[in-house]
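The block underneath contains the structure these notes are about, expressed in structure tokens.
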Amino acid sequence: MFELNLQGIDINGEPPKSDPERQYYYIAKCRDHLKKREAELGRKLTYHNETFGCQMNFKDSEKLNGVLEAIGYEPRDDEKADFVIYNTCTVRENANDRVYGRIGYLGKLKKSRNDMIIAMCGCMMQEPTAVEKIKTSYRFVDLIFGTHNIFKLAELIWSVYEEREQRARDPKLKKRMVIDVWKDTNEIIEELPSSLKYSFKAGVNIMFGCNNFCTYCIVPYVRGRERSRRPDDIINEIKDMVSHGVVEIMLLGQNVNSYGKNLDEPITFAELLRRVDEVEGIKRIRFMTSHPKDLSDELIDVIAASRHVCRHIHLPVQSGSNRLLKAMNRHYTREDYLLLVDKLKAKIPDIAITTDIIVGFPGETEEDFEDTLDICRKVGYDSAFTFIYSKRTGTPAAAMPDQVPEEVTSERFKRLLDVVGKCSEERAKTLTGKTLPVLVEEENRTENMLTGRLDNNLLVHFNGDPSLLGSIVNVRLNECKGFYYIGEQV
Ligand code: SAH
Ligand code: SF4
Ligand code: F3S
């Protein structure tokens, strides 16, 4: 991937004013510092990154890890590392609770390992109340930053090193947390290192932020306004990835269908997808997420005509009730949504459709909920992510009357799971006996099994040689197990 060249950087000179050069300077400076620590300790230093949340956060973590590795930290699977970073999510309340529990555990570890650096970043850190709580209750944390300045990681780590050195020189000094959280940004910094989790598949950001303000959702507040990367930067990154062996690309954005609108030379998502489809050597293209209100006929035509775009679309419906869709600020009706599904199925007959659904939005009646069950049956989803509504302070829905009691939501949630489970199974069963290409993604050594995905995203387990990891092989789908298949390579 992007090769970082630190030669010729004067780490004792003034830091460059602009990025990414400024960050290269700080990477080189931190690297020099780390080398000295390694020599003192007689061992390598390690990092551990724990990531919560969605694809966006996982992608950010690849960038954070890229910088940490460029500095010289080696990855480690558990929290007994020299540098521990939590990349947090705050989309639902229980996501926050989980993080606080984990920070407490880090505090215990740090008691016997004073050298350890603890960093917190991600969506939860964009919330002033979360930062306040950490400042008062978890004072052992060293560094807090948000979603808009992850590119600054090396510079921030340098501030932590400096803070420690100051205290070493003057033991009377109190520990100071390095905190740098931005409200929003227009900047997109290209050409920073990144460390891909898989060698054969990778996510690629095409845009950041969200302008939709669905009334239940905190994402626009913690990820800022929508901004798109330039198409040439995206295509060049993909070409670079493909030349290093990546075969599957996932284009990432909170609402990919509004890609390109704010660029100097506006371009549609459909046009971008057509350009990505032409990249030599690419085998599979996925994208998420598609907001139903912005899915164009042009996009459907591009998918239908493409050679490498997977026949799968993730199209979050959230609710099947027109009343709730309006209250959620989704800008489509159930009729619009069903029409869209019909168009997709007509032009791309084998397309898999998946979705997100929220149960228990304020004011949800039994009738509203029945409408949601009904739309699930009508669409026949291949799979669905189902969520119990979680009240997020600061969003309009949190202040709405008629919050639905927990007993009611949990009962509805069970009924919903039952319906979507049956839909998925019915859809999956239609493939029994077929032989289809599978991208091999994981190996299970103990059982000598491989796991891969069909074009439509369905999981397949089969016997095979681990050397097949990352390649696409033909597998006969013998036995449908509901949401996955047992197959055999042919
Ligand atoms: N941008 C994407 C989704 C991002 S969040 C989209 O528009 O579809 C992923 C999912 O989390 C959402 O689709 C929604 O179903 C769910 N979600 C968001 N806020 C929530 C909340 N307050 N309570 C429960 N689920 C929520
Ligand atoms: Fe949240 Fe809606 Fe934006 Fe998706 S489109 S991130 S659900 S506000
Ligand atoms: Fe969570 Fe942030 Fe994603 S809140 S769902 S990690 S955009």
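Chain identifiers are assigned as A, B, and so on, following the order in which chains appear in the structure tokens; residues are numbered from 1 within each chain, and ligands are numbered from 1 in order of appearance.
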At a cut-off of 7 Å, using only C-alpha atoms, what residues contact Tyr216 (chain A)? Leave out same-chain residues fewer than 6 positions from it and give the result as a PDB file with all heavy atoms, in the first residue's frame.
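Listed below is the output, selection_3.pdb:
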```pdb
ATOM      1  N   MET A 328     -39.272   9.801  11.689  1.00  0.00           N
ATOM      2  CA  MET A 328     -37.828   9.505  11.668  1.00  0.00           C
ATOM      3  C   MET A 328     -37.065  10.419  10.712  1.00  0.00           C
ATOM      4  O   MET A 328     -35.842  10.360  10.653  1.00  0.00           O
ATOM      5  CB  MET A 328     -37.600   8.052  11.213  1.00  0.00           C
ATOM      6  CG  MET A 328     -37.987   6.981  12.208  1.00  0.00           C
ATOM      7  SD  MET A 328     -37.782   5.350  11.437  1.00  0.00           S
ATOM      8  CE  MET A 328     -37.858   4.293  12.877  1.00  0.00           C
ATOM      9  N   ARG A 392     -30.891   8.632  22.251  1.00  0.00           N
ATOM     10  CA  ARG A 392     -29.607   9.342  22.231  1.00  0.00           C
ATOM     11  C   ARG A 392     -29.839  10.810  22.557  1.00  0.00           C
ATOM     12  O   ARG A 392     -30.465  11.530  21.766  1.00  0.00           O
ATOM     13  CB  ARG A 392     -28.906   9.204  20.868  1.00  0.00           C
ATOM     14  CG  ARG A 392     -28.748   7.813  20.344  1.00  0.00           C
ATOM     15  CD  ARG A 392     -28.138   6.810  21.327  1.00  0.00           C
ATOM     16  NE  ARG A 392     -26.721   7.004  21.635  1.00  0.00           N
ATOM     17  CZ  ARG A 392     -26.246   7.202  22.859  1.00  0.00           C
ATOM     18  NH1 ARG A 392     -27.043   7.262  23.896  1.00  0.00           N
ATOM     19  NH2 ARG A 392     -24.953   7.335  23.056  1.00  0.00           N
ATOM     20  N   THR A 395     -30.632  14.134  20.218  1.00  0.00           N
ATOM     21  CA  THR A 395     -31.351  13.887  18.959  1.00  0.00           C
ATOM     22  C   THR A 395     -32.828  14.247  19.164  1.00  0.00           C
ATOM     23  O   THR A 395     -33.332  14.136  20.286  1.00  0.00           O
ATOM     24  CB  THR A 395     -31.261  12.402  18.546  1.00  0.00           C
ATOM     25  OG1 THR A 395     -31.888  11.601  19.558  1.00  0.00           O
ATOM     26  CG2 THR A 395     -29.827  11.958  18.375  1.00  0.00           C
ATOM     27  N   PRO A 396     -33.529  14.656  18.098  1.00  0.00           N
ATOM     28  CA  PRO A 396     -34.940  15.046  18.261  1.00  0.00           C
ATOM     29  C   PRO A 396     -35.804  13.927  18.848  1.00  0.00           C
ATOM     30  O   PRO A 396     -36.691  14.205  19.668  1.00  0.00           O
ATOM     31  CB  PRO A 396     -35.382  15.381  16.839  1.00  0.00           C
ATOM     32  CG  PRO A 396     -34.118  15.707  16.104  1.00  0.00           C
ATOM     33  CD  PRO A 396     -33.041  14.894  16.731  1.00  0.00           C
ATOM     34  N   ALA A 397     -35.555  12.690  18.495  1.00  0.00           N
ATOM     35  CA  ALA A 397     -36.427  11.598  18.960  1.00  0.00           C
ATOM     36  C   ALA A 397     -36.359  11.408  20.469  1.00  0.00           C
ATOM     37  O   ALA A 397     -37.321  10.959  21.094  1.00  0.00           O
ATOM     38  CB  ALA A 397     -36.068  10.289  18.254  1.00  0.00           C
TER      39      ALA A 397
END
```
Contact residues around region 201-211 of chain A with only C-alpha atoms at 6 Å, ignoring same-chain residues under 3 positions, as a ChimeraX atom specification: /A:198,220,223-229,246-253
With N, CA and C atoms retained, write the just-selected residues as a tab-separated table (two decimals), in the first residue's frame.
```
chain	number	residue	atom	x	y	z
A	198	TYR	N	-7.11	-7.33	6.23
A	198	TYR	CA	-7.03	-8.48	5.31
A	198	TYR	C	-6.16	-8.07	4.13
A	220	PRO	N	-24.76	12.08	12.59
A	220	PRO	CA	-24.42	13.40	12.04
A	220	PRO	C	-23.76	14.33	13.06
A	223	ARG	N	-20.02	12.72	13.47
A	223	ARG	CA	-19.21	12.54	12.26
A	223	ARG	C	-19.21	13.78	11.37
A	224	GLY	N	-19.98	14.79	11.75
A	224	GLY	CA	-19.95	16.06	11.00
A	224	GLY	C	-20.68	16.01	9.68
A	225	ARG	N	-20.50	17.13	8.92
A	225	ARG	CA	-21.23	17.26	7.65
A	225	ARG	C	-20.60	16.40	6.55
A	226	GLU	N	-21.46	16.11	5.59
A	226	GLU	CA	-21.07	15.25	4.47
A	226	GLU	C	-19.96	15.90	3.63
A	227	ARG	N	-18.92	15.17	3.33
A	227	ARG	CA	-17.89	15.63	2.38
A	227	ARG	C	-17.33	14.44	1.63
A	228	SER	N	-17.11	14.62	0.34
A	228	SER	CA	-16.69	13.51	-0.52
A	228	SER	C	-15.21	13.61	-0.86
A	229	ARG	N	-14.59	12.45	-1.02
A	229	ARG	CA	-13.20	12.44	-1.53
A	229	ARG	C	-13.25	12.62	-3.04
A	246	VAL	N	-5.32	-6.98	-3.39
A	246	VAL	CA	-6.71	-6.87	-2.93
A	246	VAL	C	-7.65	-7.20	-4.10
A	247	VAL	N	-8.64	-8.07	-3.85
A	247	VAL	CA	-9.59	-8.42	-4.93
A	247	VAL	C	-11.00	-7.89	-4.66
A	248	GLU	N	-11.30	-7.62	-3.39
A	248	GLU	CA	-12.64	-7.11	-3.08
A	248	GLU	C	-12.55	-5.74	-2.40
A	249	ILE	N	-13.32	-4.80	-2.92
A	249	ILE	CA	-13.33	-3.43	-2.39
A	249	ILE	C	-14.73	-3.12	-1.87
A	250	MET	N	-14.79	-2.53	-0.68
A	250	MET	CA	-16.08	-2.06	-0.15
A	250	MET	C	-16.03	-0.53	-0.07
A	251	LEU	N	-16.86	0.12	-0.87
A	251	LEU	CA	-16.89	1.59	-0.86
A	251	LEU	C	-17.74	2.05	0.32
A	252	LEU	N	-17.19	2.93	1.13
A	252	LEU	CA	-17.82	3.27	2.40
A	252	LEU	C	-18.30	4.71	2.50
A	253	GLY	N	-19.52	4.87	3.00
A	253	GLY	CA	-20.07	6.20	3.29
A	253	GLY	C	-21.37	6.01	4.04
```
Using only C-alpha atoms and all ligand atoms, what table do you get, as a Markdown table, when you list each residue of chain A with an atom no more than 6 Å from ligand 1, its nearest pair of atoms, and their distance in Å rounded to one decimal, rows by chain then rising number?
```
| residue | atom | partner | partner_atom_place_in_ligand_line | distance |
| --- | --- | --- | --- | --- |
| A:Val91 | CA | ligand 1 | 19 (N) | 5.3 |
| A:Arg92 | CA | ligand 1 | 21 (C) | 5.4 |
| A:Tyr216 | CA | ligand 1 | 22 (N) | 4.6 |
| A:Cys217 | CA | ligand 1 | 19 (N) | 4.0 |
| A:Gln254 | CA | ligand 1 | 1 (N) | 3.8 |
| A:Asn255 | CA | ligand 1 | 1 (N) | 5.5 |
| A:Thr289 | CA | ligand 1 | 2 (C) | 5.4 |
| A:His291 | CA | ligand 1 | 7 (O) | 5.6 |
| A:Pro316 | CA | ligand 1 | 8 (O) | 4.9 |
| A:Gln318 | CA | ligand 1 | 15 (O) | 5.5 |
| A:Asp356 | CA | ligand 1 | 15 (O) | 4.5 |
| A:Ile357 | CA | ligand 1 | 15 (O) | 5.0 |
| A:Ile358 | CA | ligand 1 | 15 (O) | 5.3 |
| A:Phe387 | CA | ligand 1 | 25 (N) | 4.9 |
| A:Ile388 | CA | ligand 1 | 24 (C) | 5.3 |
| A:Tyr389 | CA | ligand 1 | 23 (N) | 3.7 |
| A:Ser390 | CA | ligand 1 | 23 (N) | 3.8 |
| A:Lys391 | CA | ligand 1 | 22 (N) | 5.4 |
| A:Arg392 | CA | ligand 1 | 22 (N) | 5.6 |
```
Can you list every residue of chain A that has an atom at most 10 Å from ligand 3, with its nearest atom pair and the distance in Å to one decimal, using only C-alpha atoms and all ligand atoms, ordered by chain then number, as JSON lines?
```
{"residue": "A:Thr51", "atom": "CA", "partner": "ligand 3", "partner_atom_place_in_ligand_line": "6 (S)", "distance": 8.6}
{"residue": "A:Phe52", "atom": "CA", "partner": "ligand 3", "partner_atom_place_in_ligand_line": "6 (S)", "distance": 6.4}
{"residue": "A:Gly53", "atom": "CA", "partner": "ligand 3", "partner_atom_place_in_ligand_line": "6 (S)", "distance": 4.0}
{"residue": "A:Cys54", "atom": "CA", "partner": "ligand 3", "partner_atom_place_in_ligand_line": "3 (Fe)", "distance": 4.1}
{"residue": "A:Gln55", "atom": "CA", "partner": "ligand 3", "partner_atom_place_in_ligand_line": "3 (Fe)", "distance": 6.7}
{"residue": "A:Met56", "atom": "CA", "partner": "ligand 3", "partner_atom_place_in_ligand_line": "3 (Fe)", "distance": 5.6}
{"residue": "A:Asn57", "atom": "CA", "partner": "ligand 3", "partner_atom_place_in_ligand_line": "6 (S)", "distance": 5.0}
{"residue": "A:Phe58", "atom": "CA", "partner": "ligand 3", "partner_atom_place_in_ligand_line": "6 (S)", "distance": 8.1}
{"residue": "A:Asp60", "atom": "CA", "partner": "ligand 3", "partner_atom_place_in_ligand_line": "6 (S)", "distance": 9.5}
{"residue": "A:Asn87", "atom": "CA", "partner": "ligand 3", "partner_atom_place_in_ligand_line": "6 (S)", "distance": 8.1}
{"residue": "A:Thr88", "atom": "CA", "partner": "ligand 3", "partner_atom_place_in_ligand_line": "6 (S)", "distance": 6.4}
{"residue": "A:Cys89", "atom": "CA", "partner": "ligand 3", "partner_atom_place_in_ligand_line": "1 (Fe)", "distance": 3.7}
{"residue": "A:Thr90", "atom": "CA", "partner": "ligand 3", "partner_atom_place_in_ligand_line": "4 (S)", "distance": 4.2}
{"residue": "A:Val91", "atom": "CA", "partner": "ligand 3", "partner_atom_place_in_ligand_line": "4 (S)", "distance": 4.0}
{"residue": "A:Arg92", "atom": "CA", "partner": "ligand 3", "partner_atom_place_in_ligand_line": "4 (S)", "distance": 7.6}
{"residue": "A:Ala95", "atom": "CA", "partner": "ligand 3", "partner_atom_place_in_ligand_line": "1 (Fe)", "distance": 8.2}
{"residue": "A:Asn96", "atom": "CA", "partner": "ligand 3", "partner_atom_place_in_ligand_line": "4 (S)", "distance": 9.7}
{"residue": "A:Gly122", "atom": "CA", "partner": "ligand 3", "partner_atom_place_in_ligand_line": "2 (Fe)", "distance": 6.8}
{"residue": "A:Cys123", "atom": "CA", "partner": "ligand 3", "partner_atom_place_in_ligand_line": "2 (Fe)", "distance": 4.6}
{"residue": "A:Met124", "atom": "CA", "partner": "ligand 3", "partner_atom_place_in_ligand_line": "4 (S)", "distance": 6.8}
{"residue": "A:Met125", "atom": "CA", "partner": "ligand 3", "partner_atom_place_in_ligand_line": "4 (S)", "distance": 9.9}
{"residue": "A:Gln126", "atom": "CA", "partner": "ligand 3", "partner_atom_place_in_ligand_line": "4 (S)", "distance": 9.5}
{"residue": "A:Thr147", "atom": "CA", "partner": "ligand 3", "partner_atom_place_in_ligand_line": "2 (Fe)", "distance": 8.4}
{"residue": "A:Phe208", "atom": "CA", "partner": "ligand 3", "partner_atom_place_in_ligand_line": "7 (S)", "distance": 9.3}
{"residue": "A:Gly209", "atom": "CA", "partner": "ligand 3", "partner_atom_place_in_ligand_line": "7 (S)", "distance": 8.1}
{"residue": "A:Cys210", "atom": "CA", "partner": "ligand 3", "partner_atom_place_in_ligand_line": "7 (S)", "distance": 9.2}
{"residue": "A:Cys217", "atom": "CA", "partner": "ligand 3", "partner_atom_place_in_ligand_line": "4 (S)", "distance": 8.7}
{"residue": "A:Ile218", "atom": "CA", "partner": "ligand 3", "partner_atom_place_in_ligand_line": "4 (S)", "distance": 6.7}
{"residue": "A:Val219", "atom": "CA", "partner": "ligand 3", "partner_atom_place_in_ligand_line": "4 (S)", "distance": 5.4}
{"residue": "A:Pro220", "atom": "CA", "partner": "ligand 3", "partner_atom_place_in_ligand_line": "7 (S)", "distance": 8.4}
{"residue": "A:Tyr221", "atom": "CA", "partner": "ligand 3", "partner_atom_place_in_ligand_line": "4 (S)", "distance": 9.2}
{"residue": "A:Val222", "atom": "CA", "partner": "ligand 3", "partner_atom_place_in_ligand_line": "4 (S)", "distance": 7.0}
{"residue": "A:Arg223", "atom": "CA", "partner": "ligand 3", "partner_atom_place_in_ligand_line": "7 (S)", "distance": 6.5}
{"residue": "A:Gly253", "atom": "CA", "partner": "ligand 3", "partner_atom_place_in_ligand_line": "7 (S)", "distance": 9.4}
{"residue": "A:Gln254", "atom": "CA", "partner": "ligand 3", "partner_atom_place_in_ligand_line": "7 (S)", "distance": 7.6}
```
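Those residues that approach Tyr484 (chain A) to within 10 Å, counting only C-alpha atoms, are Ser424, Glu425, Ala428, Lys429, Thr451, Arg453, Asn457, Leu458, Leu459, Val460, His461, Leu477, Glu479, Cys480, Lys481 and Gly487 of chain A; same-chain residues fewer than 3 positions away are not listed.
Backbone DSSP assigns alpha helix (DSSP H) in region 139-208 of chain A to Leu153, Ala154, Glu155, Leu156, Ile157, Trp158, Ser159, Val160, Tyr161, Glu162, Glu163, Arg164, Glu165, Gln166, Arg167, Ala168 and Arg169 of chain A.
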Please, could you write that set of residues out with N, CA, C and O atoms as a tab-separated table (two decimals), in the first residue's frame?
```tsv
chain	number	residue	atom	x	y	z
A	153	LEU	N	-2.73	11.49	14.60
A	153	LEU	CA	-2.33	10.59	15.69
A	153	LEU	C	-0.86	10.75	16.10
A	153	LEU	O	-0.55	10.84	17.28
A	154	ALA	N	0.05	10.80	15.13
A	154	ALA	CA	1.47	10.86	15.48
A	154	ALA	C	1.79	12.13	16.27
A	154	ALA	O	2.51	12.10	17.27
A	155	GLU	N	1.20	13.25	15.83
A	155	GLU	CA	1.43	14.52	16.52
A	155	GLU	C	0.90	14.46	17.96
A	155	GLU	O	1.52	14.96	18.90
A	156	LEU	N	-0.26	13.80	18.13
A	156	LEU	CA	-0.85	13.69	19.46
A	156	LEU	C	-0.01	12.78	20.35
A	156	LEU	O	0.17	13.04	21.55
A	157	ILE	N	0.50	11.68	19.78
A	157	ILE	CA	1.34	10.78	20.57
A	157	ILE	C	2.60	11.53	21.01
A	157	ILE	O	3.06	11.39	22.15
A	158	TRP	N	3.12	12.36	20.11
A	158	TRP	CA	4.30	13.15	20.48
A	158	TRP	C	4.00	14.04	21.69
A	158	TRP	O	4.81	14.16	22.61
A	159	SER	N	2.78	14.62	21.73
A	159	SER	CA	2.40	15.45	22.89
A	159	SER	C	2.37	14.62	24.16
A	159	SER	O	2.73	15.10	25.24
A	160	VAL	N	1.93	13.35	24.06
A	160	VAL	CA	1.90	12.48	25.25
A	160	VAL	C	3.34	12.20	25.70
A	160	VAL	O	3.65	12.29	26.90
A	161	TYR	N	4.23	11.89	24.75
A	161	TYR	CA	5.64	11.65	25.12
A	161	TYR	C	6.22	12.87	25.82
A	161	TYR	O	6.92	12.76	26.82
A	162	GLU	N	5.91	14.05	25.28
A	162	GLU	CA	6.45	15.30	25.86
A	162	GLU	C	5.91	15.52	27.27
A	162	GLU	O	6.65	15.89	28.17
A	163	GLU	N	4.61	15.26	27.44
A	163	GLU	CA	3.99	15.44	28.75
A	163	GLU	C	4.69	14.55	29.78
A	163	GLU	O	4.96	14.95	30.91
A	164	ARG	N	5.00	13.33	29.36
A	164	ARG	CA	5.66	12.39	30.28
A	164	ARG	C	7.07	12.85	30.62
A	164	ARG	O	7.51	12.72	31.76
A	165	GLU	N	7.75	13.36	29.62
A	165	GLU	CA	9.12	13.82	29.88
A	165	GLU	C	9.14	15.01	30.82
A	165	GLU	O	10.00	15.09	31.70
A	166	GLN	N	8.16	15.90	30.64
A	166	GLN	CA	8.08	17.05	31.56
A	166	GLN	C	7.89	16.58	32.99
A	166	GLN	O	8.53	17.08	33.91
A	167	ARG	N	7.02	15.60	33.18
A	167	ARG	CA	6.78	15.11	34.55
A	167	ARG	C	7.99	14.38	35.10
A	167	ARG	O	8.26	14.41	36.30
A	168	ALA	N	8.74	13.70	34.21
A	168	ALA	CA	9.93	12.98	34.67
A	168	ALA	C	10.97	14.00	35.17
A	168	ALA	O	11.68	13.75	36.15
A	169	ARG	N	11.00	15.16	34.47
A	169	ARG	CA	11.97	16.20	34.87
A	169	ARG	C	11.52	16.91	36.13
A	169	ARG	O	12.33	17.30	36.95
```
Find the residue from A:Pro292, A:Gly260, A:Pro16, A:Gly72 that sits nearest to ligand 2; use only C-alpha atoms and all ligand atoms when measuring. A:Pro292
Could you check which of A:Asp10, A:Gly104, A:Ile117, A:Lys110 is closest to Thr46 (chain A), using only C-alpha atoms? A:Ile117
Region 214-453 of chain A: residues DSSP assigns to strand (DSSP E or B), reported as number ranges by chain: A: 227-228, 248-252, 284-288, 309, 312-314, 318, 352-359, 383-388, 435-444, 449-453
